[in-house]
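Text of structure_22.pdb (PDB, C-alpha atoms, pLDDT in the B column) as supplied:
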```
ATOM      1  CA  MET A   1      -3.443 -38.915 -27.020  1.00 71.00           C
ATOM      2  CA  ALA A   2      -6.560 -40.914 -26.099  1.00 85.00           C
ATOM      3  CA  ILE A   3      -6.739 -44.689 -26.238  1.00 92.00           C
ATOM      4  CA  THR A   4      -8.075 -45.897 -29.607  1.00 95.00           C
ATOM      5  CA  ARG A   5     -11.443 -47.631 -29.258  1.00 95.00           C
ATOM      6  CA  LYS A   6     -12.857 -50.151 -31.710  1.00 95.00           C
ATOM      7  CA  PHE A   7     -16.565 -50.912 -31.283  1.00 96.00           C
ATOM      8  CA  LEU A   8     -17.346 -54.477 -32.345  1.00 95.00           C
ATOM      9  CA  GLY A   9     -21.070 -54.551 -31.641  1.00 93.00           C
ATOM     10  CA  TRP A  10     -22.788 -57.235 -29.624  1.00 91.00           C
ATOM     11  CA  ALA A  11     -24.239 -59.390 -32.372  1.00 89.00           C
ATOM     12  CA  SER A  12     -21.351 -61.882 -32.619  1.00 88.00           C
ATOM     13  CA  CYS A  13     -19.222 -63.970 -30.264  1.00 92.00           C
ATOM     14  CA  PRO A  14     -16.744 -61.648 -28.506  1.00 93.00           C
ATOM     15  CA  LEU A  15     -13.741 -63.917 -29.106  1.00 93.00           C
ATOM     16  CA  THR A  16     -14.605 -64.385 -32.782  1.00 94.00           C
ATOM     17  CA  ALA A  17     -15.135 -60.649 -33.204  1.00 95.00           C
ATOM     18  CA  SER A  18     -11.790 -60.017 -31.483  1.00 96.00           C
ATOM     19  CA  MET A  19     -10.008 -62.504 -33.719  1.00 95.00           C
ATOM     20  CA  GLN A  20     -11.453 -60.860 -36.844  1.00 94.00           C
ATOM     21  CA  GLN A  21     -10.491 -57.382 -35.626  1.00 96.00           C
ATOM     22  CA  LEU A  22      -6.934 -58.461 -34.823  1.00 96.00           C
ATOM     23  CA  CYS A  23      -6.624 -59.906 -38.308  1.00 94.00           C
ATOM     24  CA  GLU A  24      -7.792 -56.622 -39.798  1.00 93.00           C
ATOM     25  CA  LEU A  25      -5.345 -54.655 -37.700  1.00 93.00           C
ATOM     26  CA  PHE A  26      -2.234 -56.818 -38.061  1.00 91.00           C
ATOM     27  CA  ALA A  27      -2.583 -59.094 -41.081  1.00 83.00           C
ATOM     28  CA  ALA A  28      -0.012 -58.624 -43.852  1.00 85.00           C
ATOM     29  CA  PRO A  29       0.537 -60.482 -47.127  1.00 88.00           C
ATOM     30  CA  ARG A  30       1.109 -64.163 -46.301  1.00 91.00           C
ATOM     31  CA  GLU A  31       1.441 -63.669 -42.562  1.00 93.00           C
ATOM     32  CA  LEU A  32      -0.327 -62.729 -39.354  1.00 94.00           C
ATOM     33  CA  ASP A  33       2.393 -61.155 -37.252  1.00 94.00           C
ATOM     34  CA  LEU A  34       1.345 -60.509 -33.658  1.00 95.00           C
ATOM     35  CA  HIS A  35       4.582 -61.371 -31.884  1.00 94.00           C
ATOM     36  CA  LYS A  36       5.070 -57.807 -30.615  1.00 95.00           C
ATOM     37  CA  THR A  37       1.413 -57.378 -29.662  1.00 97.00           C
ATOM     38  CA  LEU A  38       0.287 -57.702 -26.046  1.00 97.00           C
ATOM     39  CA  LEU A  39      -3.307 -58.902 -25.647  1.00 97.00           C
ATOM     40  CA  VAL A  40      -4.970 -58.015 -22.337  1.00 97.00           C
ATOM     41  CA  LEU A  41      -8.026 -60.046 -21.337  1.00 95.00           C
ATOM     42  CA  PRO A  42     -10.176 -60.486 -18.215  1.00 91.00           C
ATOM     43  CA  GLY A  43      -8.927 -64.057 -17.666  1.00 90.00           C
ATOM     44  CA  SER A  44      -6.221 -66.460 -18.807  1.00 91.00           C
ATOM     45  CA  ARG A  45      -8.713 -68.958 -20.245  1.00 93.00           C
ATOM     46  CA  ALA A  46     -10.048 -66.358 -22.681  1.00 92.00           C
ATOM     47  CA  GLY A  47      -6.458 -65.627 -23.699  1.00 92.00           C
ATOM     48  CA  ARG A  48      -5.802 -69.276 -24.522  1.00 94.00           C
ATOM     49  CA  GLN A  49      -9.043 -69.580 -26.498  1.00 95.00           C
ATOM     50  CA  LEU A  50      -8.276 -66.471 -28.524  1.00 95.00           C
ATOM     51  CA  GLN A  51      -4.756 -67.688 -29.268  1.00 95.00           C
ATOM     52  CA  LYS A  52      -6.230 -70.952 -30.542  1.00 95.00           C
ATOM     53  CA  GLN A  53      -8.730 -69.170 -32.786  1.00 95.00           C
ATOM     54  CA  LEU A  54      -5.976 -67.007 -34.251  1.00 95.00           C
ATOM     55  CA  ALA A  55      -3.807 -70.056 -34.959  1.00 95.00           C
ATOM     56  CA  VAL A  56      -6.691 -71.928 -36.616  1.00 95.00           C
ATOM     57  CA  HIS A  57      -7.553 -68.915 -38.769  1.00 94.00           C
ATOM     58  CA  ALA A  58      -3.933 -68.483 -39.858  1.00 93.00           C
ATOM     59  CA  ALA A  59      -3.701 -72.168 -40.776  1.00 95.00           C
ATOM     60  CA  GLU A  60      -6.924 -72.025 -42.785  1.00 94.00           C
ATOM     61  CA  GLU A  61      -5.745 -68.939 -44.654  1.00 92.00           C
ATOM     62  CA  LYS A  62      -2.229 -70.399 -45.077  1.00 93.00           C
ATOM     63  CA  LEU A  63      -0.678 -67.458 -43.239  1.00 92.00           C
ATOM     64  CA  ARG A  64       2.616 -67.551 -41.374  1.00 94.00           C
ATOM     65  CA  PHE A  65       1.502 -67.040 -37.776  1.00 94.00           C
ATOM     66  CA  LEU A  66       3.585 -65.268 -35.143  1.00 94.00           C
ATOM     67  CA  ALA A  67       1.647 -65.558 -31.895  1.00 95.00           C
ATOM     68  CA  PRO A  68       0.990 -62.649 -29.527  1.00 96.00           C
ATOM     69  CA  GLN A  69       1.624 -62.531 -25.819  1.00 95.00           C
ATOM     70  CA  SER A  70      -1.455 -62.446 -23.614  1.00 95.00           C
ATOM     71  CA  VAL A  71      -1.882 -61.350 -19.997  1.00 96.00           C
ATOM     72  CA  THR A  72      -4.756 -60.736 -17.628  1.00 95.00           C
ATOM     73  CA  ILE A  73      -5.673 -57.196 -16.709  1.00 94.00           C
ATOM     74  CA  GLY A  74      -4.381 -57.807 -13.165  1.00 92.00           C
ATOM     75  CA  SER A  75      -0.881 -58.700 -14.356  1.00 93.00           C
ATOM     76  CA  LEU A  76      -0.626 -55.931 -16.959  1.00 96.00           C
ATOM     77  CA  PRO A  77       0.866 -53.183 -14.744  1.00 96.00           C
ATOM     78  CA  GLU A  78       4.232 -54.891 -14.247  1.00 96.00           C
ATOM     79  CA  ARG A  79       4.667 -54.922 -18.047  1.00 96.00           C
ATOM     80  CA  LEU A  80       4.533 -51.129 -18.080  1.00 97.00           C
ATOM     81  CA  TYR A  81       7.300 -50.145 -15.649  1.00 97.00           C
ATOM     82  CA  ARG A  82      10.515 -51.497 -14.176  1.00 94.00           C
ATOM     83  CA  PRO A  83      10.353 -52.257 -10.429  1.00 92.00           C
ATOM     84  CA  ARG A  84      13.283 -50.908  -8.422  1.00 90.00           C
ATOM     85  CA  LEU A  85      13.159 -53.665  -5.783  1.00 93.00           C
ATOM     86  CA  PRO A  86      11.872 -57.248  -5.548  1.00 96.00           C
ATOM     87  CA  PHE A  87       8.230 -57.500  -4.518  1.00 97.00           C
ATOM     88  CA  ALA A  88       7.140 -58.917  -1.184  1.00 96.00           C
ATOM     89  CA  ASP A  89       5.019 -62.008  -1.813  1.00 94.00           C
ATOM     90  CA  SER A  90       1.566 -62.344  -0.260  1.00 91.00           C
ATOM     91  CA  LEU A  91       2.814 -64.319   2.760  1.00 92.00           C
ATOM     92  CA  THR A  92       5.549 -61.783   3.481  1.00 95.00           C
ATOM     93  CA  GLN A  93       3.026 -58.969   3.234  1.00 95.00           C
ATOM     94  CA  SER A  94       0.665 -60.692   5.674  1.00 93.00           C
ATOM     95  CA  LEU A  95       3.464 -61.351   8.156  1.00 94.00           C
ATOM     96  CA  ALA A  96       4.627 -57.748   7.851  1.00 97.00           C
ATOM     97  CA  TRP A  97       1.137 -56.526   8.718  1.00 96.00           C
ATOM     98  CA  VAL A  98       1.063 -58.923  11.697  1.00 95.00           C
ATOM     99  CA  GLU A  99       4.372 -57.491  12.874  1.00 95.00           C
ATOM    100  CA  VAL A 100       3.207 -53.883  12.761  1.00 95.00           C
ATOM    101  CA  ILE A 101      -0.059 -54.787  14.508  1.00 94.00           C
ATOM    102  CA  LYS A 102       1.923 -56.456  17.292  1.00 92.00           C
ATOM    103  CA  GLY A 103       4.002 -53.299  17.657  1.00 91.00           C
ATOM    104  CA  ALA A 104       1.021 -50.980  17.958  1.00 90.00           C
ATOM    105  CA  ALA A 105      -0.023 -49.433  21.260  1.00 88.00           C
ATOM    106  CA  VAL A 106      -2.859 -51.135  23.114  1.00 87.00           C
ATOM    107  CA  ASP A 107      -4.827 -47.874  23.084  1.00 87.00           C
ATOM    108  CA  ASP A 108      -4.631 -47.931  19.296  1.00 88.00           C
ATOM    109  CA  LEU A 109      -5.526 -51.593  18.861  1.00 87.00           C
ATOM    110  CA  VAL A 110      -8.915 -51.116  20.507  1.00 86.00           C
ATOM    111  CA  HIS A 111      -9.928 -49.070  17.453  1.00 86.00           C
ATOM    112  CA  LEU A 112      -9.139 -51.846  14.953  1.00 85.00           C
ATOM    113  CA  ALA A 113     -11.151 -54.900  15.991  1.00 81.00           C
ATOM    114  CA  PRO A 114     -12.901 -56.321  19.079  1.00 76.00           C
ATOM    115  CA  GLY A 115     -10.571 -58.223  21.394  1.00 77.00           C
ATOM    116  CA  LEU A 116      -7.433 -57.302  19.501  1.00 80.00           C
ATOM    117  CA  ALA A 117      -5.958 -55.461  22.482  1.00 76.00           C
ATOM    118  CA  ASP A 118      -6.492 -58.403  24.881  1.00 81.00           C
ATOM    119  CA  ASN A 119      -3.698 -60.901  24.186  1.00 81.00           C
ATOM    120  CA  PRO A 120      -4.914 -61.842  20.687  1.00 82.00           C
ATOM    121  CA  THR A 121      -4.050 -65.254  19.268  1.00 86.00           C
ATOM    122  CA  GLU A 122      -1.868 -65.623  16.215  1.00 89.00           C
ATOM    123  CA  SER A 123      -4.998 -66.576  14.295  1.00 89.00           C
ATOM    124  CA  GLN A 124      -6.736 -63.335  15.315  1.00 88.00           C
ATOM    125  CA  LEU A 125      -3.691 -61.304  14.360  1.00 90.00           C
ATOM    126  CA  LEU A 126      -3.461 -62.980  10.977  1.00 91.00           C
ATOM    127  CA  ARG A 127      -7.154 -62.417  10.252  1.00 90.00           C
ATOM    128  CA  CYS A 128      -6.794 -58.760  11.137  1.00 91.00           C
ATOM    129  CA  ALA A 129      -3.639 -58.483   9.019  1.00 93.00           C
ATOM    130  CA  GLU A 130      -5.353 -60.047   6.017  1.00 93.00           C
ATOM    131  CA  SER A 131      -8.309 -57.701   6.400  1.00 93.00           C
ATOM    132  CA  ILE A 132      -6.049 -54.632   6.514  1.00 95.00           C
ATOM    133  CA  SER A 133      -3.987 -55.953   3.608  1.00 95.00           C
ATOM    134  CA  ARG A 134      -7.135 -56.411   1.514  1.00 95.00           C
ATOM    135  CA  LEU A 135      -8.244 -52.855   2.318  1.00 96.00           C
ATOM    136  CA  HIS A 136      -4.752 -51.601   1.420  1.00 96.00           C
ATOM    137  CA  ARG A 137      -4.954 -53.312  -1.993  1.00 95.00           C
ATOM    138  CA  GLU A 138      -8.454 -52.070  -2.749  1.00 95.00           C
ATOM    139  CA  LEU A 139      -7.697 -48.440  -1.905  1.00 96.00           C
ATOM    140  CA  ALA A 140      -4.344 -48.500  -3.687  1.00 95.00           C
ATOM    141  CA  GLY A 141      -6.187 -49.716  -6.770  1.00 94.00           C
ATOM    142  CA  GLU A 142      -8.009 -46.396  -6.668  1.00 95.00           C
ATOM    143  CA  MET A 143      -4.775 -44.445  -6.046  1.00 95.00           C
ATOM    144  CA  LEU A 144      -5.501 -43.881  -2.346  1.00 96.00           C
ATOM    145  CA  THR A 145      -3.375 -44.378   0.758  1.00 96.00           C
ATOM    146  CA  PHE A 146      -5.023 -44.803   4.154  1.00 96.00           C
ATOM    147  CA  SER A 147      -4.071 -41.211   4.933  1.00 95.00           C
ATOM    148  CA  GLN A 148      -5.781 -39.906   1.805  1.00 94.00           C
ATOM    149  CA  ALA A 149      -8.865 -42.003   2.470  1.00 92.00           C
ATOM    150  CA  ALA A 150      -8.990 -40.626   6.012  1.00 90.00           C
ATOM    151  CA  GLU A 151      -8.732 -37.040   4.747  1.00 91.00           C
ATOM    152  CA  ARG A 152     -11.756 -37.640   2.531  1.00 88.00           C
ATOM    153  CA  ALA A 153     -13.710 -39.441   5.226  1.00 85.00           C
ATOM    154  CA  ILE A 154     -13.422 -36.696   7.859  1.00 82.00           C
ATOM    155  CA  THR A 155     -15.228 -34.306   5.531  1.00 85.00           C
ATOM    156  CA  MET A 156     -18.327 -36.527   5.898  1.00 84.00           C
ATOM    157  CA  GLU A 157     -20.686 -35.167   8.524  1.00 84.00           C
ATOM    158  CA  GLY A 158     -20.915 -37.426  11.561  1.00 83.00           C
ATOM    159  CA  PHE A 159     -18.150 -39.773  10.385  1.00 84.00           C
ATOM    160  CA  PRO A 160     -17.600 -42.102  13.392  1.00 86.00           C
ATOM    161  CA  GLU A 161     -14.281 -43.806  12.623  1.00 86.00           C
ATOM    162  CA  GLN A 162     -11.645 -41.085  12.656  1.00 87.00           C
ATOM    163  CA  GLN A 163      -9.590 -42.892  15.310  1.00 88.00           C
ATOM    164  CA  ARG A 164      -9.632 -46.160  13.356  1.00 90.00           C
ATOM    165  CA  TRP A 165      -8.341 -44.435  10.228  1.00 92.00           C
ATOM    166  CA  ARG A 166      -5.683 -42.622  12.256  1.00 92.00           C
ATOM    167  CA  VAL A 167      -4.427 -45.996  13.488  1.00 93.00           C
ATOM    168  CA  LEU A 168      -4.620 -47.535  10.018  1.00 95.00           C
ATOM    169  CA  THR A 169      -2.540 -44.668   8.631  1.00 96.00           C
ATOM    170  CA  GLN A 170       0.153 -45.257  11.265  1.00 95.00           C
ATOM    171  CA  LEU A 171       0.178 -49.004  10.606  1.00 96.00           C
ATOM    172  CA  GLN A 172       0.501 -48.465   6.852  1.00 97.00           C
ATOM    173  CA  ASP A 173       3.491 -46.173   7.362  1.00 97.00           C
ATOM    174  CA  HIS A 174       5.140 -48.756   9.624  1.00 97.00           C
ATOM    175  CA  TYR A 175       4.342 -51.562   7.170  1.00 98.00           C
ATOM    176  CA  LEU A 176       6.012 -49.768   4.267  1.00 97.00           C
ATOM    177  CA  ARG A 177       9.064 -48.921   6.373  1.00 97.00           C
ATOM    178  CA  LEU A 178       9.354 -52.558   7.457  1.00 97.00           C
ATOM    179  CA  LEU A 179       9.340 -53.773   3.841  1.00 97.00           C
ATOM    180  CA  ASP A 180      11.847 -51.068   2.956  1.00 96.00           C
ATOM    181  CA  ASP A 181      14.157 -52.319   5.706  1.00 96.00           C
ATOM    182  CA  LEU A 182      13.920 -55.770   4.093  1.00 96.00           C
ATOM    183  CA  ASP A 183      14.780 -54.316   0.657  1.00 97.00           C
ATOM    184  CA  LEU A 184      11.359 -55.363  -0.583  1.00 97.00           C
ATOM    185  CA  TRP A 185       8.627 -53.415  -2.300  1.00 95.00           C
ATOM    186  CA  ASP A 186       4.901 -53.464  -1.815  1.00 96.00           C
ATOM    187  CA  LEU A 187       3.288 -54.160  -5.191  1.00 95.00           C
ATOM    188  CA  GLN A 188       0.487 -51.610  -4.916  1.00 95.00           C
ATOM    189  CA  THR A 189       2.791 -48.865  -3.675  1.00 95.00           C
ATOM    190  CA  ALA A 190       5.253 -49.570  -6.484  1.00 96.00           C
ATOM    191  CA  ARG A 191       2.503 -49.055  -9.053  1.00 97.00           C
ATOM    192  CA  MET A 192       1.452 -45.740  -7.525  1.00 96.00           C
ATOM    193  CA  CYS A 193       5.077 -44.575  -7.480  1.00 95.00           C
ATOM    194  CA  ALA A 194       5.503 -45.529 -11.143  1.00 96.00           C
ATOM    195  CA  ILE A 195       2.473 -43.410 -12.029  1.00 97.00           C
ATOM    196  CA  LYS A 196       3.555 -40.406  -9.969  1.00 96.00           C
ATOM    197  CA  GLU A 197       7.062 -40.527 -11.434  1.00 95.00           C
ATOM    198  CA  GLY A 198       5.783 -40.981 -15.002  1.00 96.00           C
ATOM    199  CA  GLU A 199       7.735 -44.236 -15.378  1.00 96.00           C
ATOM    200  CA  CYS A 200       5.247 -46.228 -17.467  1.00 97.00           C
ATOM    201  CA  ARG A 201       6.659 -47.133 -20.891  1.00 95.00           C
ATOM    202  CA  TYR A 202       5.643 -49.489 -23.702  1.00 96.00           C
ATOM    203  CA  GLN A 203       6.652 -49.281 -27.356  1.00 95.00           C
ATOM    204  CA  ASP A 204       4.545 -52.051 -28.926  1.00 96.00           C
ATOM    205  CA  PRO A 205       0.780 -52.461 -29.412  1.00 97.00           C
ATOM    206  CA  ILE A 206      -1.388 -53.232 -26.396  1.00 98.00           C
ATOM    207  CA  VAL A 207      -4.876 -54.504 -27.194  1.00 98.00           C
ATOM    208  CA  LEU A 208      -7.487 -54.456 -24.421  1.00 97.00           C
ATOM    209  CA  ILE A 209     -10.168 -57.074 -25.074  1.00 96.00           C
ATOM    210  CA  GLY A 210     -13.368 -56.854 -23.056  1.00 91.00           C
ATOM    211  CA  THR A 211     -11.589 -55.330 -20.062  1.00 91.00           C
ATOM    212  CA  THR A 212     -14.484 -53.487 -18.467  1.00 84.00           C
ATOM    213  CA  GLU A 213     -13.339 -53.621 -14.829  1.00 84.00           C
ATOM    214  CA  ILE A 214     -10.215 -51.468 -14.768  1.00 92.00           C
ATOM    215  CA  ASN A 215      -9.332 -49.657 -11.555  1.00 94.00           C
ATOM    216  CA  ALA A 216      -7.950 -46.128 -11.348  1.00 95.00           C
ATOM    217  CA  THR A 217      -4.338 -47.260 -10.985  1.00 96.00           C
ATOM    218  CA  ILE A 218      -4.344 -49.304 -14.189  1.00 96.00           C
ATOM    219  CA  ARG A 219      -6.278 -46.602 -16.060  1.00 96.00           C
ATOM    220  CA  GLN A 220      -3.644 -44.026 -15.168  1.00 96.00           C
ATOM    221  CA  MET A 221      -0.849 -46.372 -16.202  1.00 97.00           C
ATOM    222  CA  LEU A 222      -2.537 -46.979 -19.550  1.00 97.00           C
ATOM    223  CA  ASN A 223      -2.958 -43.235 -20.028  1.00 96.00           C
ATOM    224  CA  GLN A 224       0.832 -42.890 -19.905  1.00 97.00           C
ATOM    225  CA  VAL A 225       1.195 -45.306 -22.839  1.00 97.00           C
ATOM    226  CA  SER A 226      -2.072 -44.457 -24.591  1.00 96.00           C
ATOM    227  CA  ASP A 227      -0.408 -43.956 -28.000  1.00 95.00           C
ATOM    228  CA  HIS A 228       0.075 -47.730 -28.150  1.00 96.00           C
ATOM    229  CA  VAL A 229      -3.274 -48.869 -26.721  1.00 97.00           C
ATOM    230  CA  ILE A 230      -6.295 -50.159 -28.635  1.00 97.00           C
ATOM    231  CA  SER A 231      -9.438 -51.132 -26.744  1.00 97.00           C
ATOM    232  CA  LEU A 232     -11.871 -53.604 -28.307  1.00 96.00           C
ATOM    233  CA  VAL A 233     -15.359 -52.847 -27.009  1.00 95.00           C
ATOM    234  CA  PHE A 234     -18.165 -55.385 -27.355  1.00 94.00           C
ATOM    235  CA  ALA A 235     -20.894 -52.846 -28.033  1.00 94.00           C
ATOM    236  CA  PRO A 236     -21.990 -50.700 -30.974  1.00 94.00           C
ATOM    237  CA  ALA A 237     -20.463 -47.254 -31.399  1.00 93.00           C
ATOM    238  CA  GLU A 238     -23.776 -45.519 -30.704  1.00 94.00           C
ATOM    239  CA  GLU A 239     -23.534 -46.872 -27.146  1.00 91.00           C
ATOM    240  CA  ALA A 240     -20.133 -45.261 -26.569  1.00 88.00           C
TER     241      ALA A 240
END
```
Show how you would write the structure in this file as structure tokens.
Amino acid sequence: MAITRKFLGWASCPLTASMQQLCELFAAPRELDLHKTLLVLPGSRAGRQLQKQLAVHAAEEKLRFLAPQSVTIGSLPERLYRPRLPFADSLTQSLAWVEVIKGAAVDDLVHLAPGLADNPTESQLLRCAESISRLHRELAGEMLTFSQAAERAITMEGFPEQQRWRVLTQLQDHYLRLLDDLDLWDLQTARMCAIKEGECRYQDPIVLIGTTEINATIRQMLNQVSDHVISLVFAPAEEA
């Protein structure tokens, strides 16, 4: 089943339009019960403002108000599945990448960054680790490992960085094994596993509010719980 879309137009304030739509969807005689509803917004500030508008409206209408939960789009995924292991925090991830870079062969390091194979400083190693970690997060957001990205890249005529992607693929494998040895899980990999195993579950309403920037990973997770998802779109229906 597809996600339900509600087109709110663009003539009124998005938060006010969202508040009015939520009241239409969930208001009952003498109460506005949203306590089982999960609101998903681009930022936490918008969530707080919307909560305040809902509370003010309920008070003005003398409705019993049961407040919703609100999360940002970036923190939504962990509401949709149950992680099997604790997550490695950002510092642990960076240090794990540093460790696998240190363990790489010198002939491989020359393909990653200038000077990395010549007794790099800890600062150089950390910068390289953070760069690789950022690339890992961005590709995982689009459901791609380094290996899969490399397979796509080599089909491009004249692609010059096959050796770099070969090394990145090896480092990613070592990185994941290192975290596994520590009984920790990489956040992005956990999300991809949850999608592949069909583990995403949610039984209560999820309302997406102005969430236009949703990567492939989150889209696929939402597709697994689409029966419970409503998306509020700040545009008229004819622009669908």
Atom-to-atom span, CA of Leu63 (chain A) and CA of Leu32 (chain A), Å | 6.1 Å
Using all atoms listed in the file, which of the listed residues (A:Leu15, A:Leu85, A:Val40, A:Ala67) sits closest to Trp185 (chain A)?
->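 Smallest distance to Trp185 (chain A) is found for A:Leu85.
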Rounded to one decimal in Å, what is the spacing between CA of Gly74 (chain A) and CA of Ala55 (chain A)?
-> 25.0 Å
Determine the nearest neighbour of Pro205 (chain A) from the options A:Leu34, A:Ala46, A:Leu54, A:Cys13, counting only C-alpha atoms.
->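 For Pro205 (chain A), the nearest of the given residues is A:Leu34.
With CA of Gln172 (chain A) on one side and CA of Ala153 (chain A) on the other, the separation reads 16.9 Å.
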Applied to the shown file, which residues does the PyMOL selection byres ((chain A and resi 90) around 12) return, written as a VMD selection string?
-> chain A and resid 87 to 89 91 to 97 129 to 130 133 to 134 137 185 to 188
Region 99-115 of chain A surroundings by all atoms listed in the file, 8 Å radius, close-in-sequence under 5 positions cut, as a list in words =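 My reading of the contact set: Pro120, Leu125, Cys128, Ala129, Gln163, Arg164, Val167, Leu168, Leu171, His174 and Tyr175 of chain A.
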Find the residues around Glu142 (chain A) up to 7 Å (all atoms listed in the file counted), leave out those fewer than 2 positions away in its own chain, and share them as a ChimeraX atom specification.
-> /A:138-140,144,215-217
Go ahead and save the picked residues with C-alpha atoms, as a PDB file, keeping the file's coordinate frame.
```pdb
ATOM      1  CA  GLU A 138      -8.454 -52.070  -2.749  1.00 95.00           C
ATOM      2  CA  LEU A 139      -7.697 -48.440  -1.905  1.00 96.00           C
ATOM      3  CA  ALA A 140      -4.344 -48.500  -3.687  1.00 95.00           C
ATOM      4  CA  LEU A 144      -5.501 -43.881  -2.346  1.00 96.00           C
ATOM      5  CA  ASN A 215      -9.332 -49.657 -11.555  1.00 94.00           C
ATOM      6  CA  ALA A 216      -7.950 -46.128 -11.348  1.00 95.00           C
ATOM      7  CA  THR A 217      -4.338 -47.260 -10.985  1.00 96.00           C
TER       8      THR A 217
END
```
Pick from A:Arg82, A:Val98, A:Phe7, A:Ala194, whichever lies nearest to Leu116 (chain A) using only C-alpha atoms |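 Checking each of A:Arg82, A:Val98, A:Phe7, A:Ala194 against Leu116 (chain A), counting only C-alpha atoms, the winner is A:Val98.
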Nearest to Ser226 (chain A), chosen from A:Asp204, A:Gln162, A:Ala150, A:Asp173, with all atoms listed in the file counted in the distances | A:Asp204
Residues near Tyr202 (chain A), cut-off 8 Å, only C-alpha atoms, skip fewer than 6 positions along chain, as number ranges by chain | A: 79-80, 225, 228
Excluding Tyr81 (chain A) and any residue of its chain fewer than 6 positions from it, enumerate the residues within 12 Å of it, using only C-alpha atoms, and give them as a ChimeraX atom specification.
-> /A:75,187,190-203,218,221-222,224-225
What does region 28-39 of chain A look like written to a file with N, CA, C and O atoms, as a short mmCIF file (atom, residue, chain, number, x, y, z; two decimals), in the first residue's frame?
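And here is the file that came out, decode_35.cif:
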```cif
data_model
loop_
_atom_site.label_atom_id
_atom_site.label_comp_id
_atom_site.auth_asym_id
_atom_site.auth_seq_id
_atom_site.Cartn_x
_atom_site.Cartn_y
_atom_site.Cartn_z
N ALA A 28 -11.44 14.11 18.22
CA ALA A 28 -12.62 13.33 18.61
C ALA A 28 -13.44 14.23 19.54
O ALA A 28 -12.97 15.28 19.97
N PRO A 29 -14.67 13.85 19.84
CA PRO A 29 -15.47 14.66 20.76
C PRO A 29 -14.71 14.92 22.07
O PRO A 29 -14.27 13.99 22.74
N ARG A 30 -14.50 16.19 22.37
CA ARG A 30 -13.93 16.65 23.63
C ARG A 30 -12.45 16.34 23.81
O ARG A 30 -11.89 16.56 24.88
N GLU A 31 -11.79 15.82 22.80
CA GLU A 31 -10.36 15.56 22.99
C GLU A 31 -9.61 15.59 21.66
O GLU A 31 -10.20 15.40 20.58
N LEU A 32 -8.33 15.83 21.77
CA LEU A 32 -7.40 15.75 20.64
C LEU A 32 -6.31 14.76 21.07
O LEU A 32 -5.38 15.11 21.78
N ASP A 33 -6.50 13.53 20.66
CA ASP A 33 -5.65 12.43 21.14
C ASP A 33 -4.60 12.10 20.09
O ASP A 33 -4.88 11.47 19.07
N LEU A 34 -3.37 12.51 20.36
CA LEU A 34 -2.26 12.24 19.45
C LEU A 34 -1.16 11.43 20.12
O LEU A 34 -0.06 11.33 19.58
N HIS A 35 -1.45 10.85 21.28
CA HIS A 35 -0.35 10.27 22.06
C HIS A 35 0.29 9.06 21.39
O HIS A 35 1.43 8.70 21.70
N LYS A 36 -0.40 8.43 20.44
CA LYS A 36 0.19 7.31 19.72
C LYS A 36 0.73 7.71 18.35
O LYS A 36 1.22 6.88 17.60
N THR A 37 0.63 9.01 18.05
CA THR A 37 1.04 9.50 16.73
C THR A 37 2.49 10.00 16.78
O THR A 37 2.89 10.70 17.70
N LEU A 38 3.26 9.61 15.78
CA LEU A 38 4.65 10.03 15.67
C LEU A 38 4.75 11.07 14.55
O LEU A 38 4.50 10.77 13.38
N LEU A 39 5.11 12.30 14.92
CA LEU A 39 5.28 13.38 13.95
C LEU A 39 6.75 13.43 13.54
O LEU A 39 7.65 13.42 14.37
#
```
